[in-house]
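These notes concern the structure reproduced below.
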Amino acid sequence: DVKVTQSSRYLVKRTGEKVFLECVQDMDHENMFWYRQDPGLGLRLIYFSYDVKMKEKGDIPEGYSVSREKKERFSLILESASTNQTSMYLCASSTSGTGVTEAFFGQGTRLTVV
Amino acid sequence: AQKITQTQPGMFVQEKEAVTLDCTYDTSDPSYGLFWYKQPSSGEMIFLIYQGSYDQQNATEGRYSLNFQKARKSANLVISASQLGDSAMYFCAVCSYTGGFKTIFGAGTRLFVKA
């Protein structure tokens with residue numbers, strides 16, 4: 001079974017803190033994604049990566065950065081957390097191979113910034 | 001730029017009836033994939049069905065079928081014989097195969113199945 005694991009299920013951080021969200025996948029997938037999910041807005045893409053050390057901005061990258069030093073790990077960094085970054089964060093991975101390339105998701109991290 | 005539009009925030013359907021969830025997409029890439037996912041109240045994302053942009057036939061997976069109209073950029077999900085367990089959020093997504101596999105989701109449709 002493909003497994004995507006996010007380091008925390010729930011996090012509470014203070015405004016201005018630097019926050020790290022970690023994601024690890026065990027299926028040797030090339031592509032990894034970070035989304036945030038908010039009611040009525042669906043899943044919005046923050047950043048994605050199609051290879052080690054490669055990163056591409058999604059639709060809402062402001063206030064976030066990412067790191068992919070190893071193929072299996074994709075980290076999301078909130079440089080200075082703000083209350084408007086309170087959200088559910090979902091990590092996903094997918095293969096670039098032929099055929100169906102559906103995304104596999106982690107269980108999500110609910111981040112609250114106070 | 002890629003975009004997914006799901007115009008139905010919420011839908012009701014009677015148990016055992018069929019329901020169609022709408023999805024329109026916009027992409028400039030000639031090669032792409034379309035996906036539907038289900039998110040029950042537990043929160044996990046469950047892959048349901050896939051349609052490739054070059055596939056001639058509409059995809060089907062059990063009670064799920066995808067009504068793909070390429071010229072209209074439409075990829076509606078049809079659920080036949082609805083069950084109570086189908087009550088969930090449903091997301092449509094597009095993956096660009098010439099854009100580093102960038103995958104964009106819509107805002108979702110919440111489906112309520114009535115007994």
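Each chain in the structure tokens gets a letter, A, B and so on, in the order shown; residues start at 1 in every chain, and ligands are counted from 1 in the order they appear.
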* Tell me, as a list in words, which residues lie within 12 Å of Ser82 in chain A, counting only C-alpha atoms; anything in the same chain fewer than 5 positions away does not count. =>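 Selected residues are Val12, Lys13, Arg14, Thr15, Gly16, Glu17, Lys18, Val19, Glu62, Gly63, Tyr64, Ser87, Leu111, Thr112, Val113 and Val114 of chain A.
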* Write out as an MDAnalysis selection string which residues come within 8 Å of Ser7 in chain A when counting only C-alpha atoms, dropping same-chain ones fewer than 3 positions away. => chainID A and resid 21:23 109
* Counting only C-alpha atoms, the residue of A:Gln6, A:Ser49, A:Asn84, A:Gln25 that sits nearest chain B -> A:Ser49
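Every chain B residue lying within 7 Å of chain A, based on only C-alpha atoms, is listed here: Glu44, Met45, Phe47, Tyr50, Gly100, Ile104, Phe105, Gly106, Ala107 and Gly108 of chain B.
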Can you tell me, as a PDB file with all heavy atoms, in the first residue's frame, what residues are no more than 12 Å from Arg72 in chain B when counting only C-alpha atoms, ignoring any on the same chain fewer than 6 positions away?
```pdb
ATOM      1  N   CYS B  23     -18.470  19.334 -13.340  1.00  0.00           N
ATOM      2  CA  CYS B  23     -17.090  19.802 -13.291  1.00  0.00           C
ATOM      3  C   CYS B  23     -16.709  20.341 -14.666  1.00  0.00           C
ATOM      4  O   CYS B  23     -16.864  19.636 -15.667  1.00  0.00           O
ATOM      5  CB  CYS B  23     -16.151  18.655 -12.913  1.00  0.00           C
ATOM      6  SG  CYS B  23     -14.389  19.064 -13.031  1.00  0.00           S
ATOM      7  N   THR B  24     -16.259  21.565 -14.714  1.00  0.00           N
ATOM      8  CA  THR B  24     -15.653  22.083 -15.935  1.00  0.00           C
ATOM      9  C   THR B  24     -14.217  22.473 -15.617  1.00  0.00           C
ATOM     10  O   THR B  24     -13.890  22.826 -14.482  1.00  0.00           O
ATOM     11  CB  THR B  24     -16.409  23.295 -16.511  1.00  0.00           C
ATOM     12  OG1 THR B  24     -16.473  24.321 -15.505  1.00  0.00           O
ATOM     13  CG2 THR B  24     -17.820  22.912 -16.925  1.00  0.00           C
ATOM     14  N   TYR B  25     -13.373  22.385 -16.626  1.00  0.00           N
ATOM     15  CA  TYR B  25     -11.957  22.625 -16.400  1.00  0.00           C
ATOM     16  C   TYR B  25     -11.413  23.522 -17.496  1.00  0.00           C
ATOM     17  O   TYR B  25     -12.010  23.677 -18.556  1.00  0.00           O
ATOM     18  CB  TYR B  25     -11.189  21.294 -16.336  1.00  0.00           C
ATOM     19  CG  TYR B  25     -11.258  20.506 -17.616  1.00  0.00           C
ATOM     20  CD1 TYR B  25     -10.272  20.637 -18.594  1.00  0.00           C
ATOM     21  CD2 TYR B  25     -12.307  19.625 -17.857  1.00  0.00           C
ATOM     22  CE1 TYR B  25     -10.344  19.918 -19.766  1.00  0.00           C
ATOM     23  CE2 TYR B  25     -12.380  18.908 -19.041  1.00  0.00           C
ATOM     24  CZ  TYR B  25     -11.403  19.057 -19.982  1.00  0.00           C
ATOM     25  OH  TYR B  25     -11.472  18.346 -21.150  1.00  0.00           O
ATOM     26  N   ASP B  26     -10.264  24.075 -17.201  1.00  0.00           N
ATOM     27  CA  ASP B  26      -9.583  24.901 -18.179  1.00  0.00           C
ATOM     28  C   ASP B  26      -8.098  24.599 -18.085  1.00  0.00           C
ATOM     29  O   ASP B  26      -7.510  24.681 -16.998  1.00  0.00           O
ATOM     30  CB  ASP B  26      -9.848  26.382 -17.929  1.00  0.00           C
ATOM     31  CG  ASP B  26      -9.416  27.246 -19.099  1.00  0.00           C
ATOM     32  OD1 ASP B  26      -9.159  26.691 -20.188  1.00  0.00           O
ATOM     33  OD2 ASP B  26      -9.349  28.469 -18.937  1.00  0.00           O
ATOM     34  N   THR B  27      -7.504  24.222 -19.185  1.00  0.00           N
ATOM     35  CA  THR B  27      -6.073  24.009 -19.246  1.00  0.00           C
ATOM     36  C   THR B  27      -5.609  24.243 -20.668  1.00  0.00           C
ATOM     37  O   THR B  27      -6.333  23.940 -21.609  1.00  0.00           O
ATOM     38  CB  THR B  27      -5.685  22.591 -18.780  1.00  0.00           C
ATOM     39  OG1 THR B  27      -4.272  22.427 -18.913  1.00  0.00           O
ATOM     40  CG2 THR B  27      -6.382  21.505 -19.582  1.00  0.00           C
TER      41      THR B  27
END
```
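By only C-alpha atoms, and with residues fewer than 5 positions from range 62-66 of chain B along its chain excluded, the set lying at most 9 Å from it is Trp36, Leu48, Ile49, Tyr50, Gln51, Ala75, Asn76, Leu77, Val78, Ile79, Ser80, Ala81 and Ser82 of chain B.
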Selected residues written out, N, CA and C atoms, as a tab-separated table (two decimals), in the first residue's frame:
```tsv
chain	number	residue	atom	x	y	z
B	36	TRP	N	-11.54	12.32	-10.13
B	36	TRP	CA	-12.53	12.61	-9.08
B	36	TRP	C	-12.09	11.90	-7.80
B	48	LEU	N	-11.45	8.03	-6.98
B	48	LEU	CA	-12.61	7.32	-7.52
B	48	LEU	C	-12.42	6.89	-8.97
B	49	ILE	N	-12.01	7.84	-9.84
B	49	ILE	CA	-12.05	7.57	-11.27
B	49	ILE	C	-11.13	8.53	-12.00
B	50	TYR	N	-10.61	8.05	-13.14
B	50	TYR	CA	-9.65	8.81	-13.94
B	50	TYR	C	-10.06	8.79	-15.41
B	51	GLN	N	-9.81	9.94	-16.09
B	51	GLN	CA	-10.02	10.03	-17.54
B	51	GLN	C	-8.83	10.74	-18.14
B	75	ALA	N	-16.25	17.41	-17.34
B	75	ALA	CA	-15.91	16.06	-16.84
B	75	ALA	C	-16.82	15.74	-15.66
B	76	ASN	N	-18.08	15.55	-15.94
B	76	ASN	CA	-19.05	15.33	-14.87
B	76	ASN	C	-18.97	13.91	-14.33
B	77	LEU	N	-19.17	13.77	-13.04
B	77	LEU	CA	-19.19	12.47	-12.38
B	77	LEU	C	-20.64	12.03	-12.22
B	78	VAL	N	-20.93	10.81	-12.65
B	78	VAL	CA	-22.25	10.24	-12.47
B	78	VAL	C	-22.14	9.08	-11.47
B	79	ILE	N	-22.94	9.16	-10.42
B	79	ILE	CA	-23.01	8.07	-9.45
B	79	ILE	C	-24.37	7.41	-9.62
B	80	SER	N	-24.36	6.14	-9.94
B	80	SER	CA	-25.63	5.44	-10.12
B	80	SER	C	-26.01	4.75	-8.81
B	81	ALA	N	-27.31	4.54	-8.63
B	81	ALA	CA	-27.82	3.80	-7.46
B	81	ALA	C	-27.19	4.29	-6.17
B	82	SER	N	-27.41	5.55	-5.84
B	82	SER	CA	-26.76	6.17	-4.69
B	82	SER	C	-27.03	5.39	-3.41
```
* Got a sec: who's within 9 Å of Pro30 in chain B, counting only C-alpha atoms, leaving out chain neighbours fewer than 3 positions off, as a ChimeraX atom specification? -> /B:27,53-54,96-98
Once you have the residues from the selection above, write them out as a PDB file, in the first residue's frame, restricted to N, CA and C atoms.
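So result_10.pdb came out as:
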```pdb
ATOM      1  N   THR B  27      -7.504  24.222 -19.185  1.00  0.00           N
ATOM      2  CA  THR B  27      -6.073  24.009 -19.246  1.00  0.00           C
ATOM      3  C   THR B  27      -5.609  24.243 -20.668  1.00  0.00           C
ATOM      4  N   SER B  53      -6.894  12.660 -21.275  1.00  0.00           N
ATOM      5  CA  SER B  53      -7.396  13.593 -22.289  1.00  0.00           C
ATOM      6  C   SER B  53      -7.490  12.951 -23.673  1.00  0.00           C
ATOM      7  N   TYR B  54      -6.727  11.885 -23.900  1.00  0.00           N
ATOM      8  CA  TYR B  54      -6.760  11.233 -25.201  1.00  0.00           C
ATOM      9  C   TYR B  54      -7.648   9.995 -25.223  1.00  0.00           C
ATOM     10  N   SER B  96      -1.819  18.323 -15.206  1.00  0.00           N
ATOM     11  CA  SER B  96      -1.182  18.656 -16.484  1.00  0.00           C
ATOM     12  C   SER B  96       0.048  17.808 -16.684  1.00  0.00           C
ATOM     13  N   TYR B  97       0.121  17.051 -17.773  1.00  0.00           N
ATOM     14  CA  TYR B  97       1.259  16.169 -18.003  1.00  0.00           C
ATOM     15  C   TYR B  97       2.434  16.877 -18.655  1.00  0.00           C
ATOM     16  N   THR B  98       2.234  18.080 -19.102  1.00  0.00           N
ATOM     17  CA  THR B  98       3.355  18.848 -19.642  1.00  0.00           C
ATOM     18  C   THR B  98       3.716  19.997 -18.723  1.00  0.00           C
TER      19      THR B  98
END
```
* **Every residue of chain A that DSSP places in strand (DSSP E or B), as a ChimeraX atom specification** => /A:4-6,10-13,19-25,31-38,42-49,56-57,64-70,73-78,87-94,104-105,109-113
